[in-house]
Amino acid sequence: MYSPGKNQTAAFPPIFSPYHHFLFSSGWSYGPPPAELFTPVSNPHIGIHVPTKREGEKPQSKGNFGGGPRASQKLFWFDAFSAQVGCNTGNASLSCELTVQGSKYSAESGTEIRAGVSRFTIPPCHEPKHCILTEVLFGDGFSGLSGIEIDAQMDGRATMWYIDDILLRWHDDTCAAGIERQRSRF
């Protein structure tokens with residue numbers, strides 16, 4: 001059970017890396033129903049990304065995950081297909097603009113480069129609780145990825161977003177690759 005510590009408060013428990021083959025950026029959390037606006041597709045938890053803010057900066061709504069320091073290793077590349085998402089618009093009349101960007105490792109530059117971008121308009125939730133997540137299909141350009149970045153904006157401002165049932169598969173899903181991944185942890 002998460003405890004923020006003495007004299008500290010935290011609305012959401014942080015995720016320190018829910019999957020041992022991926023690294024997650026700051027801002028990721030999870031929430032159990034019925035405390036959250038959206039009902040998880042796969043109970044009992046739902047992923048939440050809370051915009052992070054540094055002193056003197058605008059809140060950042062971008063959350064990412066991927067191979068991190070292993071981005072150059074083909075063994076940890078993956079294909080992404082879809083996810084169930086929702087935004088905490090705080091106003092039932094405004095939609096949320098969600099951008100999903102895939103990254104691939106470039107051996108030439110030694111860095112990750114943009115592979116594919118998909119943009120979605122997520123409808124507002126008209127209920128105080130138990131809203132339904134919206135399925136988004138990522139489309140072309142989301143194969144052989146080393147990372148994914150997700151950004152949610154409402155009326156040009158960072159907003160909290162929810163995610164569940166991210167459909168991924170290993171780009172190299174051979175038995176030999178699976179055994180090699182089993183031997184490796186962050």
# chains A, B, ... in the order shown; residues from 1 in each chain; ligands from 1
>>> select_by_dssp(residues="segment 97-182 of chain A", states="alpha helix (DSSP H)", output="PDB file with N, CA, C and O atoms, in the first residue's frame")
ATOM      1  N   CYS A 175      10.258 -17.244 -29.562  1.00  0.00           N
ATOM      2  CA  CYS A 175      10.539 -17.890 -28.280  1.00  0.00           C
ATOM      3  C   CYS A 175      11.932 -17.504 -27.778  1.00  0.00           C
ATOM      4  O   CYS A 175      12.115 -17.211 -26.606  1.00  0.00           O
ATOM      5  N   ALA A 176      12.912 -17.494 -28.679  1.00  0.00           N
ATOM      6  CA  ALA A 176      14.292 -17.143 -28.300  1.00  0.00           C
ATOM      7  C   ALA A 176      14.349 -15.716 -27.734  1.00  0.00           C
ATOM      8  O   ALA A 176      15.024 -15.470 -26.726  1.00  0.00           O
ATOM      9  N   ALA A 177      13.639 -14.786 -28.362  1.00  0.00           N
ATOM     10  CA  ALA A 177      13.626 -13.405 -27.866  1.00  0.00           C
ATOM     11  C   ALA A 177      12.948 -13.324 -26.504  1.00  0.00           C
ATOM     12  O   ALA A 177      13.396 -12.593 -25.616  1.00  0.00           O
ATOM     13  N   GLY A 178      11.868 -14.078 -26.317  1.00  0.00           N
ATOM     14  CA  GLY A 178      11.166 -14.089 -25.032  1.00  0.00           C
ATOM     15  C   GLY A 178      12.044 -14.600 -23.906  1.00  0.00           C
ATOM     16  O   GLY A 178      12.047 -14.055 -22.805  1.00  0.00           O
ATOM     17  N   ILE A 179      12.813 -15.641 -24.181  1.00  0.00           N
ATOM     18  CA  ILE A 179      13.735 -16.187 -23.171  1.00  0.00           C
ATOM     19  C   ILE A 179      14.800 -15.158 -22.823  1.00  0.00           C
ATOM     20  O   ILE A 179      15.134 -14.960 -21.655  1.00  0.00           O
ATOM     21  N   GLU A 180      15.312 -14.471 -23.824  1.00  0.00           N
ATOM     22  CA  GLU A 180      16.329 -13.438 -23.579  1.00  0.00           C
ATOM     23  C   GLU A 180      15.759 -12.288 -22.754  1.00  0.00           C
ATOM     24  O   GLU A 180      16.410 -11.770 -21.852  1.00  0.00           O
ATOM     25  N   ARG A 181      14.512 -11.869 -23.054  1.00  0.00           N
ATOM     26  CA  ARG A 181      13.877 -10.802 -22.266  1.00  0.00           C
ATOM     27  C   ARG A 181      13.663 -11.240 -20.829  1.00  0.00           C
ATOM     28  O   ARG A 181      13.798 -10.448 -19.903  1.00  0.00           O
ATOM     29  N   GLN A 182      13.326 -12.514 -20.615  1.00  0.00           N
ATOM     30  CA  GLN A 182      13.122 -13.017 -19.256  1.00  0.00           C
ATOM     31  C   GLN A 182      14.376 -12.864 -18.411  1.00  0.00           C
ATOM     32  O   GLN A 182      14.289 -12.674 -17.198  1.00  0.00           O
TER      33      GLN A 182
END
>>> residues_around(residues="segment 104-107 of chain A", least_positions_apart="3", cutoff="9 Å", atoms="only C-alpha atoms", output="ChimeraX atom specification")
/A:71-74,77,110-115,142-147
>>> closest_residue(among="A:Asp165, A:Gly31, A:Leu98, A:Leu23", to="Ile48 of chain A", atoms="only C-alpha atoms")
A:Gly31
>>> closest_residue(among="A:Glu55, A:Glu127, A:Glu135, A:Glu97", to="Phe81 of chain A", atoms="only C-alpha atoms")
A:Glu135
>>> closest_residue(among="A:Leu75, A:Leu94, A:Val85, A:Leu37", to="Phe138 of chain A", atoms="only C-alpha atoms")
A:Val85
>>> closest_residue(among="A:Leu167, A:Ile150, A:Met160, A:Ala80", to="Arg119 of chain A", atoms="only C-alpha atoms")
A:Ile150
>>> select_by_dssp(residues="chain A", states="strand (DSSP E or B)", output="JSON, numbers by chain")
{"A": [14, 23, 24, 28, 29, 30, 31, 38, 46, 47, 48, 49, 52, 60, 63, 64, 65, 66, 78, 79, 80, 81, 82, 83, 84, 85, 86, 87, 96, 97, 98, 99, 100, 101, 102, 103, 104, 105, 106, 111, 112, 113, 114, 115, 116, 117, 118, 119, 120, 121, 122, 131, 134, 135, 136, 137, 145, 147, 148, 149, 150, 151, 152, 153, 154, 157, 158, 161, 162, 163, 164, 165, 166, 167, 168, 169, 170]}
>>> atom_distance(atom1="atom CA of Gly63 of chain A", atom2="atom CA of Arg169 of chain A")
19.6 Å
>>> closest_residue(among="A:Glu108, A:Gln153, A:Ile166, A:Gly116", to="Val136 of chain A", atoms="only C-alpha atoms")
A:Ile166
>>> residues_around(residues="Leu133 of chain A", least_positions_apart="2", cutoff="12 Å", atoms="only C-alpha atoms", output="PyMOL selection string")
chain A and resi 36-42+46-47+83-88+122-125+129-131+135-136+161-166
>>> atom_distance(atom1="atom CA of Ala152 of chain A", atom2="atom CA of His21 of chain A")
24.7 Å
